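S.K.: Below is the file entry29.tsv, with TSV, N, CA and C atoms.
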chain	number	residue	atom	x	y	z
A	85	MET	N	58.27	134.65	144.33
A	85	MET	CA	59.14	135.80	144.09
A	85	MET	C	59.31	135.99	142.58
A	86	LEU	N	59.09	137.20	142.12
A	86	LEU	CA	59.23	137.51	140.70
A	86	LEU	C	60.69	137.73	140.35
A	87	ALA	N	61.04	137.39	139.13
A	87	ALA	CA	62.38	137.68	138.65
A	87	ALA	C	62.57	139.18	138.60
A	88	GLU	N	63.75	139.65	139.02
A	88	GLU	CA	64.01	141.08	139.00
A	88	GLU	C	63.86	141.61	137.58
A	89	GLY	N	63.22	142.75	137.44
A	89	GLY	CA	63.02	143.34	136.13
A	89	GLY	C	61.79	142.83	135.41
A	90	ASN	N	61.05	141.94	136.04
A	90	ASN	CA	59.88	141.35	135.40
A	90	ASN	C	58.62	142.11	135.83
A	91	ASP	N	58.64	143.42	135.64
A	91	ASP	CA	57.48	144.22	136.00
A	91	ASP	C	57.27	145.31	134.97
A	92	ILE	N	56.06	145.85	134.96
A	92	ILE	CA	55.67	146.83	133.95
A	92	ILE	C	54.54	147.70	134.46
A	93	THR	N	54.47	148.90	133.92
A	93	THR	CA	53.32	149.78	134.16
A	93	THR	C	52.46	149.76	132.91
A	94	ILE	N	51.15	149.65	133.12
A	94	ILE	CA	50.21	149.84	132.02
A	94	ILE	C	49.42	151.11	132.31
A	95	PHE	N	49.54	152.07	131.41
A	95	PHE	CA	48.75	153.31	131.48
A	95	PHE	C	47.60	153.14	130.51
A	96	ALA	N	46.37	153.26	130.99
A	96	ALA	CA	45.22	153.05	130.12
A	96	ALA	C	44.18	154.14	130.36
A	97	CYS	N	43.30	154.31	129.35
A	97	CYS	CA	42.21	155.26	129.50
A	97	CYS	C	40.97	154.71	128.80
A	98	GLY	N	39.83	155.25	129.21
A	98	GLY	CA	38.57	154.90	128.58
A	98	GLY	C	38.24	153.42	128.68
A	99	HIS	N	37.66	152.89	127.60
A	99	HIS	CA	37.25	151.49	127.58
A	99	HIS	C	38.42	150.52	127.72
A	100	LEU	N	39.62	150.98	127.40
A	100	LEU	CA	40.76	150.08	127.47
A	100	LEU	C	41.27	149.87	128.90
A	101	VAL	N	40.72	150.59	129.86
A	101	VAL	CA	41.08	150.32	131.25
A	101	VAL	C	40.66	148.89	131.61
A	102	TRP	N	39.44	148.49	131.22
A	102	TRP	CA	38.99	147.13	131.53
A	102	TRP	C	39.85	146.10	130.80
A	103	LYS	N	40.19	146.36	129.54
A	103	LYS	CA	41.06	145.44	128.80
A	103	LYS	C	42.43	145.36	129.47
A	104	ALA	N	42.90	146.47	130.02
A	104	ALA	CA	44.17	146.47	130.73
A	104	ALA	C	44.08	145.67	132.04
A	105	VAL	N	42.94	145.72	132.70
A	105	VAL	CA	42.74	144.91	133.91
A	105	VAL	C	42.82	143.43	133.54
A	106	GLU	N	42.17	143.05	132.45
A	106	GLU	CA	42.22	141.66	131.98
A	106	GLU	C	43.66	141.26	131.62
A	107	ALA	N	44.37	142.14	130.94
A	107	ALA	CA	45.75	141.87	130.54
A	107	ALA	C	46.64	141.73	131.77
A	108	ALA	N	46.41	142.57	132.78
A	108	ALA	CA	47.21	142.50	134.01
A	108	ALA	C	47.06	141.15	134.68
A	109	LYS	N	45.84	140.62	134.69
A	109	LYS	CA	45.62	139.29	135.29
A	109	LYS	C	46.41	138.22	134.54
A	110	ILE	N	46.40	138.28	133.22
A	110	ILE	CA	47.14	137.31	132.41
A	110	ILE	C	48.65	137.44	132.66
A	111	LEU	N	49.13	138.68	132.67
A	111	LEU	CA	50.56	138.91	132.89
A	111	LEU	C	50.99	138.43	134.27
A	112	GLU	N	50.16	138.68	135.28
A	112	GLU	CA	50.51	138.25	136.63
A	112	GLU	C	50.53	136.73	136.74
A	113	GLU	N	49.67	136.05	135.98
A	113	GLU	CA	49.72	134.58	135.94
A	113	GLU	C	51.03	134.09	135.33
A	114	LYS	N	51.65	134.93	134.48
A	114	LYS	CA	52.93	134.60	133.85
A	114	LYS	C	54.11	135.05	134.71
A	115	GLY	N	53.84	135.57	135.90
A	115	GLY	CA	54.91	136.01	136.79
A	115	GLY	C	55.39	137.42	136.56
A	116	ILE	N	54.59	138.22	135.89
A	116	ILE	CA	54.93	139.61	135.61
A	116	ILE	C	54.12	140.51	136.53
A	117	SER	N	54.79	141.33	137.28
A	117	SER	CA	54.14	142.27	138.19
A	117	SER	C	53.66	143.49	137.40
A	118	VAL	N	52.41	143.85	137.57
A	118	VAL	CA	51.82	144.95	136.80
A	118	VAL	C	51.33	146.06	137.73
A	119	GLU	N	51.71	147.28	137.37
A	119	GLU	CA	51.13	148.45	138.02
A	119	GLU	C	50.23	149.09	136.96
A	120	LEU	N	48.95	149.15	137.24
A	120	LEU	CA	47.98	149.68	136.28
A	120	LEU	C	47.52	151.05	136.73
A	121	ILE	N	47.64	152.02	135.84
A	121	ILE	CA	47.24	153.39	136.15
A	121	ILE	C	46.21	153.85	135.14
A	122	ASN	N	45.05	154.27	135.64
A	122	ASN	CA	43.99	154.81	134.82
A	122	ASN	C	44.28	156.29	134.58
A	123	ILE	N	44.62	156.62	133.35
A	123	ILE	CA	44.85	158.03	132.99
A	123	ILE	C	43.49	158.61	132.60
A	124	HIS	N	42.78	159.10	133.59
A	124	HIS	CA	41.41	159.56	133.36
A	124	HIS	C	41.33	160.96	132.77
A	125	THR	N	42.43	161.71	132.86
A	125	THR	CA	42.48	163.01	132.19
A	125	THR	C	43.87	163.20	131.60
A	126	ILE	N	43.91	163.77	130.41
A	126	ILE	CA	45.20	164.06	129.79
A	126	ILE	C	45.63	165.48	130.15
A	127	LYS	N	44.66	166.33	130.42
A	127	LYS	CA	44.97	167.68	130.88
A	127	LYS	C	44.02	168.01	132.01
A	128	PRO	N	44.49	168.07	133.23
A	128	PRO	CA	45.89	167.93	133.62
A	128	PRO	C	46.33	166.46	133.64
A	129	LEU	N	47.57	166.23	133.28
A	129	LEU	CA	48.16	164.90	133.28
A	129	LEU	C	48.91	164.72	134.60
A	130	ASP	N	48.72	163.58	135.24
A	130	ASP	CA	49.35	163.32	136.53
A	130	ASP	C	50.81	162.90	136.32
A	131	GLU	N	51.66	163.87	136.07
A	131	GLU	CA	53.06	163.61	135.78
A	131	GLU	C	53.78	162.94	136.95
A	132	GLU	N	53.41	163.30	138.15
A	132	GLU	CA	54.04	162.71	139.33
A	132	GLU	C	53.77	161.20	139.40
A	133	ALA	N	52.53	160.80	139.18
A	133	ALA	CA	52.18	159.37	139.22
A	133	ALA	C	52.89	158.61	138.10
A	134	ILE	N	52.96	159.20	136.92
A	134	ILE	CA	53.63	158.56	135.79
A	134	ILE	C	55.11	158.35	136.10
A	135	THR	N	55.77	159.40	136.56
A	135	THR	CA	57.20	159.32	136.84
A	135	THR	C	57.48	158.35	137.99
A	136	LYS	N	56.69	158.41	139.03
A	136	LYS	CA	56.88	157.51	140.18
A	136	LYS	C	56.77	156.05	139.74
A	137	SER	N	55.79	155.74	138.93
A	137	SER	CA	55.58	154.37	138.49
A	137	SER	C	56.69	153.90	137.55
A	138	ILE	N	57.07	154.73	136.59
A	138	ILE	CA	58.08	154.32	135.61
A	138	ILE	C	59.44	154.15	136.27
A	139	ARG	N	59.72	154.88	137.32
A	139	ARG	CA	60.98	154.68	138.06
A	139	ARG	C	61.01	153.30	138.71
A	140	LYS	N	59.84	152.79	139.10
A	140	LYS	CA	59.77	151.45	139.70
A	140	LYS	C	59.87	150.36	138.65
A	141	THR	N	59.08	150.46	137.60
A	141	THR	CA	58.97	149.35	136.64
A	141	THR	C	59.96	149.44	135.49
A	142	LYS	N	60.37	150.64	135.16
A	142	LYS	CA	61.37	150.89	134.11
A	142	LYS	C	60.91	150.52	132.69
A	143	CYS	N	59.61	150.32	132.50
A	143	CYS	CA	59.04	150.15	131.16
A	143	CYS	C	57.52	150.26	131.27
A	144	ALA	N	56.87	150.48	130.11
A	144	ALA	CA	55.42	150.69	130.16
A	144	ALA	C	54.75	150.34	128.84
A	145	VAL	N	53.43	150.21	128.95
A	145	VAL	CA	52.52	150.11	127.81
A	145	VAL	C	51.48	151.19	128.01
A	146	THR	N	51.11	151.86	126.92
A	146	THR	CA	49.97	152.75	126.96
A	146	THR	C	48.86	152.12	126.13
A	147	ALA	N	47.64	152.20	126.61
A	147	ALA	CA	46.50	151.57	125.93
A	147	ALA	C	45.35	152.56	125.84
A	148	GLU	N	44.94	152.84	124.61
A	148	GLU	CA	43.88	153.83	124.40
A	148	GLU	C	43.13	153.55	123.11
A	149	GLU	N	41.89	154.00	123.04
A	149	GLU	CA	41.08	153.92	121.81
A	149	GLU	C	41.28	155.23	121.05
A	150	HIS	N	42.45	155.42	120.57
A	150	HIS	CA	42.82	156.66	119.91
A	150	HIS	C	44.00	156.36	119.02
A	151	ASN	N	44.28	157.26	118.11
A	151	ASN	CA	45.46	157.15	117.27
A	151	ASN	C	46.70	157.21	118.16
A	152	ILE	N	47.68	156.35	117.88
A	152	ILE	CA	48.90	156.37	118.69
A	152	ILE	C	49.71	157.65	118.46
A	153	LEU	N	49.40	158.38	117.39
A	153	LEU	CA	50.09	159.64	117.12
A	153	LEU	C	49.33	160.79	117.79
A	154	GLY	N	49.96	161.40	118.77
A	154	GLY	CA	49.37	162.57	119.41
A	154	GLY	C	48.32	162.28	120.45
A	155	GLY	N	48.24	161.06	120.94
A	155	GLY	CA	47.23	160.71	121.93
A	155	GLY	C	47.79	160.64	123.34
A	156	MET	N	47.10	159.89	124.18
A	156	MET	CA	47.50	159.72	125.56
A	156	MET	C	48.89	159.09	125.66
A	157	GLY	N	49.17	158.13	124.77
A	157	GLY	CA	50.48	157.48	124.79
A	157	GLY	C	51.61	158.47	124.58
A	158	ASP	N	51.45	159.38	123.63
A	158	ASP	CA	52.47	160.40	123.40
A	158	ASP	C	52.61	161.34	124.59
A	159	ALA	N	51.51	161.65	125.24
A	159	ALA	CA	51.56	162.52	126.43
A	159	ALA	C	52.34	161.82	127.55
A	160	VAL	N	52.07	160.54	127.76
A	160	VAL	CA	52.80	159.77	128.77
A	160	VAL	C	54.27	159.67	128.39
A	161	ALA	N	54.56	159.35	127.12
A	161	ALA	CA	55.94	159.22	126.66
A	161	ALA	C	56.72	160.52	126.85
A	162	ASN	N	56.06	161.64	126.64
A	162	ASN	CA	56.70	162.93	126.83
A	162	ASN	C	57.15	163.10	128.27
A	163	VAL	N	56.32	162.72	129.20
A	163	VAL	CA	56.68	162.80	130.63
A	163	VAL	C	57.82	161.84	130.93
A	164	VAL	N	57.74	160.64	130.40
A	164	VAL	CA	58.76	159.62	130.68
A	164	VAL	C	60.11	160.07	130.14
A	165	VAL	N	60.17	160.52	128.90
A	165	VAL	CA	61.44	160.89	128.29
A	165	VAL	C	62.10	162.08	129.00
A	166	ARG	N	61.30	162.96	129.56
A	166	ARG	CA	61.86	164.11	130.28
A	166	ARG	C	62.33	163.76	131.69
A	167	ASN	N	61.80	162.68	132.28
A	167	ASN	CA	62.07	162.40	133.69
A	167	ASN	C	62.85	161.11	133.95
A	168	PHE	N	62.58	160.07	133.19
A	168	PHE	CA	63.23	158.78	133.41
A	168	PHE	C	63.04	157.93	132.16
A	169	PRO	N	63.87	158.16	131.13
A	169	PRO	CA	63.67	157.44	129.86
A	169	PRO	C	63.58	155.93	130.05
A	170	ALA	N	62.59	155.32	129.40
A	170	ALA	CA	62.33	153.89	129.53
A	170	ALA	C	61.56	153.41	128.31
A	171	PRO	N	61.64	152.11	127.98
A	171	PRO	CA	60.88	151.57	126.84
A	171	PRO	C	59.37	151.68	127.05
A	172	ILE	N	58.68	152.09	126.00
A	172	ILE	CA	57.22	152.18	126.03
A	172	ILE	C	56.69	151.56	124.74
A	173	GLU	N	55.68	150.73	124.86
A	173	GLU	CA	54.96	150.20	123.72
A	173	GLU	C	53.56	150.81	123.72
A	174	TYR	N	53.05	151.09	122.52
A	174	TYR	CA	51.74	151.71	122.37
A	174	TYR	C	50.70	150.69	121.90
A	175	VAL	N	49.54	150.72	122.51
A	175	VAL	CA	48.36	150.00	122.01
A	175	VAL	C	47.33	151.08	121.70
A	176	GLY	N	47.03	151.21	120.43
A	176	GLY	CA	46.08	152.22	119.96
A	176	GLY	C	45.93	152.03	118.46
A	177	THR	N	45.11	152.85	117.85
A	177	THR	CA	44.94	152.72	116.40
A	177	THR	C	46.20	153.22	115.70
A	178	LYS	N	46.50	152.59	114.59
A	178	LYS	CA	47.75	152.86	113.86
A	178	LYS	C	47.50	153.83	112.71
A	179	ASP	N	47.19	155.07	113.03
A	179	ASP	CA	47.03	156.14	112.04
A	179	ASP	C	46.05	155.75	110.93
A	180	THR	N	44.88	155.29	111.35
A	180	THR	CA	43.86	154.86	110.40
A	180	THR	C	42.50	155.43	110.81
A	181	PHE	N	41.59	155.50	109.87
A	181	PHE	CA	40.24	155.92	110.19
A	181	PHE	C	39.46	154.72	110.72
A	182	GLY	N	38.58	154.96	111.66
A	182	GLY	CA	37.77	153.90	112.24
A	182	GLY	C	36.58	153.55	111.36
A	183	GLU	N	35.97	152.43	111.70
A	183	GLU	CA	34.79	151.96	111.00
A	183	GLU	C	33.70	151.70	112.03
A	184	SER	N	32.50	151.48	111.55
A	184	SER	CA	31.40	151.12	112.43
A	184	SER	C	31.34	149.61	112.56
A	185	GLY	N	30.88	149.14	113.70
A	185	GLY	CA	30.75	147.72	113.92
A	185	GLY	C	30.53	147.42	115.38
A	186	LYS	N	30.49	146.15	115.72
A	186	LYS	CA	30.33	145.72	117.11
A	186	LYS	C	31.62	146.03	117.86
A	187	PRO	N	31.50	146.60	119.05
A	187	PRO	CA	32.69	147.02	119.80
A	187	PRO	C	33.77	145.94	119.93
A	188	GLU	N	33.40	144.73	120.30
A	188	GLU	CA	34.41	143.68	120.48
A	188	GLU	C	35.12	143.36	119.17
A	189	GLU	N	34.39	143.36	118.07
A	189	GLU	CA	35.00	143.09	116.77
A	189	GLU	C	35.97	144.20	116.38
A	190	LEU	N	35.59	145.44	116.66
A	190	LEU	CA	36.46	146.57	116.33
A	190	LEU	C	37.72	146.57	117.19
A	191	LEU	N	37.59	146.23	118.46
A	191	LEU	CA	38.78	146.16	119.32
A	191	LEU	C	39.78	145.15	118.77
A	192	LYS	N	39.29	144.01	118.34
A	192	LYS	CA	40.16	142.99	117.75
A	192	LYS	C	40.77	143.48	116.43
A	193	LYS	N	39.94	144.05	115.56
A	193	LYS	CA	40.40	144.50	114.24
A	193	LYS	C	41.53	145.52	114.35
A	194	TYR	N	41.41	146.44	115.29
A	194	TYR	CA	42.38	147.52	115.40
A	194	TYR	C	43.49	147.24	116.41
A	195	GLY	N	43.57	146.01	116.92
A	195	GLY	CA	44.65	145.66	117.84
A	195	GLY	C	44.54	146.30	119.20
A	196	LEU	N	43.30	146.44	119.69
A	196	LEU	CA	43.06	147.11	120.96
A	196	LEU	C	42.52	146.16	122.03
A	197	ASP	N	42.71	144.87	121.86
A	197	ASP	CA	42.12	143.89	122.75
A	197	ASP	C	43.12	143.43	123.81
A	198	THR	N	42.63	142.68	124.75
A	198	THR	CA	43.45	142.18	125.86
A	198	THR	C	44.74	141.51	125.37
A	199	PRO	N	44.69	140.58	124.42
A	199	PRO	CA	45.94	139.94	123.97
A	199	PRO	C	46.95	140.93	123.40
A	200	ASP	N	46.47	142.01	122.79
A	200	ASP	CA	47.37	143.02	122.23
A	200	ASP	C	48.13	143.75	123.33
A	201	ILE	N	47.46	143.99	124.44
A	201	ILE	CA	48.12	144.63	125.58
A	201	ILE	C	49.16	143.69	126.18
A	202	VAL	N	48.82	142.42	126.29
A	202	VAL	CA	49.77	141.42	126.82
A	202	VAL	C	51.02	141.37	125.94
A	203	ILE	N	50.83	141.29	124.64
A	203	ILE	CA	51.97	141.23	123.72
A	203	ILE	C	52.83	142.49	123.83
A	204	ALA	N	52.19	143.65	123.89
A	204	ALA	CA	52.94	144.90	124.03
A	204	ALA	C	53.74	144.93	125.33
A	205	ALA	N	53.15	144.43	126.41
A	205	ALA	CA	53.85	144.39	127.69
A	205	ALA	C	55.08	143.50	127.60
A	206	GLU	N	54.93	142.36	126.99
A	206	GLU	CA	56.07	141.44	126.85
A	206	GLU	C	57.18	142.06	125.99
A	207	LYS	N	56.81	142.82	124.96
A	207	LYS	CA	57.80	143.51	124.13
A	207	LYS	C	58.55	144.58	124.93
A	208	ALA	N	57.80	145.36	125.72
A	208	ALA	CA	58.44	146.41	126.50
A	208	ALA	C	59.41	145.83	127.53
A	209	ILE	N	59.00	144.74	128.17
A	209	ILE	CA	59.88	144.09	129.16
A	209	ILE	C	61.13	143.55	128.47
A	210	ALA	N	60.98	142.95	127.28
A	210	ALA	CA	62.13	142.44	126.55
A	210	ALA	C	63.10	143.58	126.18
A	211	ARG	N	62.55	144.72	125.82
A	211	ARG	CA	63.40	145.87	125.47
A	211	ARG	C	64.13	146.40	126.69
A	212	LYS	N	63.49	146.32	127.85
A	212	LYS	CA	64.11	146.78	129.10
A	212	LYS	C	65.26	145.88	129.47
A	213	ASN	N	65.06	144.59	129.33
A	213	ASN	CA	66.07	143.61	129.77
A	213	ASN	C	67.11	143.42	128.69
Take the structure in the file and write it out as C-alpha cells.
M.R.:
Amino acid sequence: MLAEGNDITIFACGHLVWKAVEAAKILEEKGISVELINIHTIKPLDEEAITKSIRKTKCAVTAEEHNILGGMGDAVANVVVRNFPAPIEYVGTKDTFGESGKPEELLKKYGLDTPDIVIAAEKAIARKN
C-alpha cells in the first residue's frame, strides 16, 4: 500500500516518453505511484485527460525536448491552473540554444535524462505534501 499523496502524473512527449517510462519504474520502486501520459499532440491538447489525471495525483512533471518557456509544459500548466491548480515541475531545456552531439550526452547535458525526471517528480510531490 502506498502512502497517501505519494503519487504523480508525468506528462511527456517525443523522445522523453521513453525516459519517462524509465523514471516511472524507478519511482514505483521507491513506492511512488505514477500515471504516465504521452502528450502526442499539443494542438489539439487533451485537456480532459490532463485534468482527470491531475485531480487524482494532485501534482505533475512535464518532460520534453524543448524550451520550458512556451512548450508542452506551459500548455499543460495552463490547463492545470484553469481547472485544478497543483504543483508542476518542468524537465526541458532552460532557455538555451542546443548543440550538436550524441543524443545520450545531450540529454544529460541539458537535464533531460531519466534521473532528472525522477528528481523533478520528487520535488513536485514534496511541494504537494
S.K.: Quick one: pick out all helix (DSSP H, G or I) residues within chain A from a backbone DSSP run and write them as a PyMOL selection string.
M.R.: chain A and resi 100-113+131-141+156-167+187-193+198-212
S.K.: Quick one: axis-aligned box around all listed atoms of stretch 98-107 of chain A, 8 Å on every side, centre and edge lengths in Å to one decimal, written as lines of an AutoDock Vina configuration file.
M.R.:
center_x = 41.9
center_y = 148.3
center_z = 130.7
size_x = 25.4
size_y = 30.0
size_z = 22.5
S.K.: Stretch 122-133 of chain A: which residues within 7 Å, counting only N, CA and C atoms, same-chain residues fewer than 6 positions away excluded, as a PyMOL selection string?
M.R.: chain A and resi 94-98+101+156+163
S.K.: As number ranges by chain, which residues of chain A does DSSP assign to strand (DSSP E)?
M.R.: A: 91-96, 117-122, 144-151, 172-177
S.K.: Give me, as a list in words, all polymer residues having an atom no more than 8 Å from A:Lys140, counting only N, CA and C atoms and skipping those fewer than 5 positions away in the same chain.
M.R.: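 My list of contacting residues is Asp91, Ile92, Thr93, Ile134 and Thr135 of chain A.
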S.K.: Which is closest to A:Leu100 among A:Asp158, A:Phe168, A:Glu148, A:Gly176, if we use only N, CA and C atoms?
M.R.: A:Glu148
S.K.: Counting only C-alpha atoms, which of A:Thr146, A:Glu173, A:Asp200, A:Val105 gets nearest to A:Val160?
M.R.: A:Thr146
S.K.: With only N, CA and C atoms as the basis for distance, which of A:Thr198, A:Lys142, A:Glu183, A:Lys193 is at the shortest distance from A:Asn213?
M.R.: A:Lys142
S.K.: Which residue gives the smallest distance to A:Lys207 among A:Leu120, A:Leu111, A:Val165, A:Ile172, with all atoms listed in the file counted?
M.R.: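 The shortest atom-to-atom distance to A:Lys207 comes from A:Ile172.
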S.K.: Pick out the closest residue to A:Asp179 from this set: A:Asn151, A:Thr141, A:Asn90, A:Ser117. Count only C-alpha atoms.
M.R.: A:Asn151
S.K.: Would you work out the distance separating atom CA of A:Val145 from atom CA of A:Asp197, expressed in Å to one decimal?
M.R.: 13.1 Å
S.K.: Using all atoms listed in the file, which residues sit within 7 Å of A:Thr177 once same-chain residues fewer than 6 positions away are excluded, as a VMD selection string?
M.R.: chain A and resid 148 to 153 194 to 196
S.K.: Mind writing the picked residues with N, CA and C atoms as an mmCIF file, keeping the file's coordinate frame?
M.R.:
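Once written, part.cif looks like this:
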data_model
loop_
_atom_site.group_PDB
_atom_site.id
_atom_site.type_symbol
_atom_site.label_atom_id
_atom_site.label_comp_id
_atom_site.auth_asym_id
_atom_site.auth_seq_id
_atom_site.Cartn_x
_atom_site.Cartn_y
_atom_site.Cartn_z
ATOM 1 N N GLU A 148 44.940 152.840 124.610
ATOM 2 C CA GLU A 148 43.880 153.830 124.400
ATOM 3 C C GLU A 148 43.130 153.550 123.110
ATOM 4 N N GLU A 149 41.890 154.000 123.040
ATOM 5 C CA GLU A 149 41.080 153.920 121.810
ATOM 6 C C GLU A 149 41.280 155.230 121.050
ATOM 7 N N HIS A 150 42.450 155.420 120.570
ATOM 8 C CA HIS A 150 42.820 156.660 119.910
ATOM 9 C C HIS A 150 44.000 156.360 119.020
ATOM 10 N N ASN A 151 44.280 157.260 118.110
ATOM 11 C CA ASN A 151 45.460 157.150 117.270
ATOM 12 C C ASN A 151 46.700 157.210 118.160
ATOM 13 N N ILE A 152 47.680 156.350 117.880
ATOM 14 C CA ILE A 152 48.900 156.370 118.690
ATOM 15 C C ILE A 152 49.710 157.650 118.460
ATOM 16 N N LEU A 153 49.400 158.380 117.390
ATOM 17 C CA LEU A 153 50.090 159.640 117.120
ATOM 18 C C LEU A 153 49.330 160.790 117.790
ATOM 19 N N TYR A 194 41.410 146.440 115.290
ATOM 20 C CA TYR A 194 42.380 147.520 115.400
ATOM 21 C C TYR A 194 43.490 147.240 116.410
ATOM 22 N N GLY A 195 43.570 146.010 116.920
ATOM 23 C CA GLY A 195 44.650 145.660 117.840
ATOM 24 C C GLY A 195 44.540 146.300 119.200
ATOM 25 N N LEU A 196 43.300 146.440 119.690
ATOM 26 C CA LEU A 196 43.060 147.110 120.960
ATOM 27 C C LEU A 196 42.520 146.160 122.030
#
S.K.: When distances are computed from only C-alpha atoms, which of A:Val175, A:Ile110, A:Ala170, A:Ile116 shows the smallest separation from A:Lys192?
M.R.: A:Val175
S.K.: Rounded to one decimal, what separation in Å do you get between atom CA of A:Gly157 and atom CA of A:Tyr174?
M.R.: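 Between atom CA of A:Gly157 and atom CA of A:Tyr174 the gap is 6.4 Å.
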S.K.: Could you list as a VMD selection string every residue that has an atom within 7 Å of (51.4, 142.0, 130.2), using the file's coordinates and counting only N, CA and C atoms?
M.R.: chain A and resid 107 to 108 110 to 112 116 201 to 206
S.K.: Rounded to one decimal in Å, what is the spacing between atom CA of A:Thr180 and atom CA of A:Val118?
M.R.: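 These atoms are spaced 29.3 Å apart.
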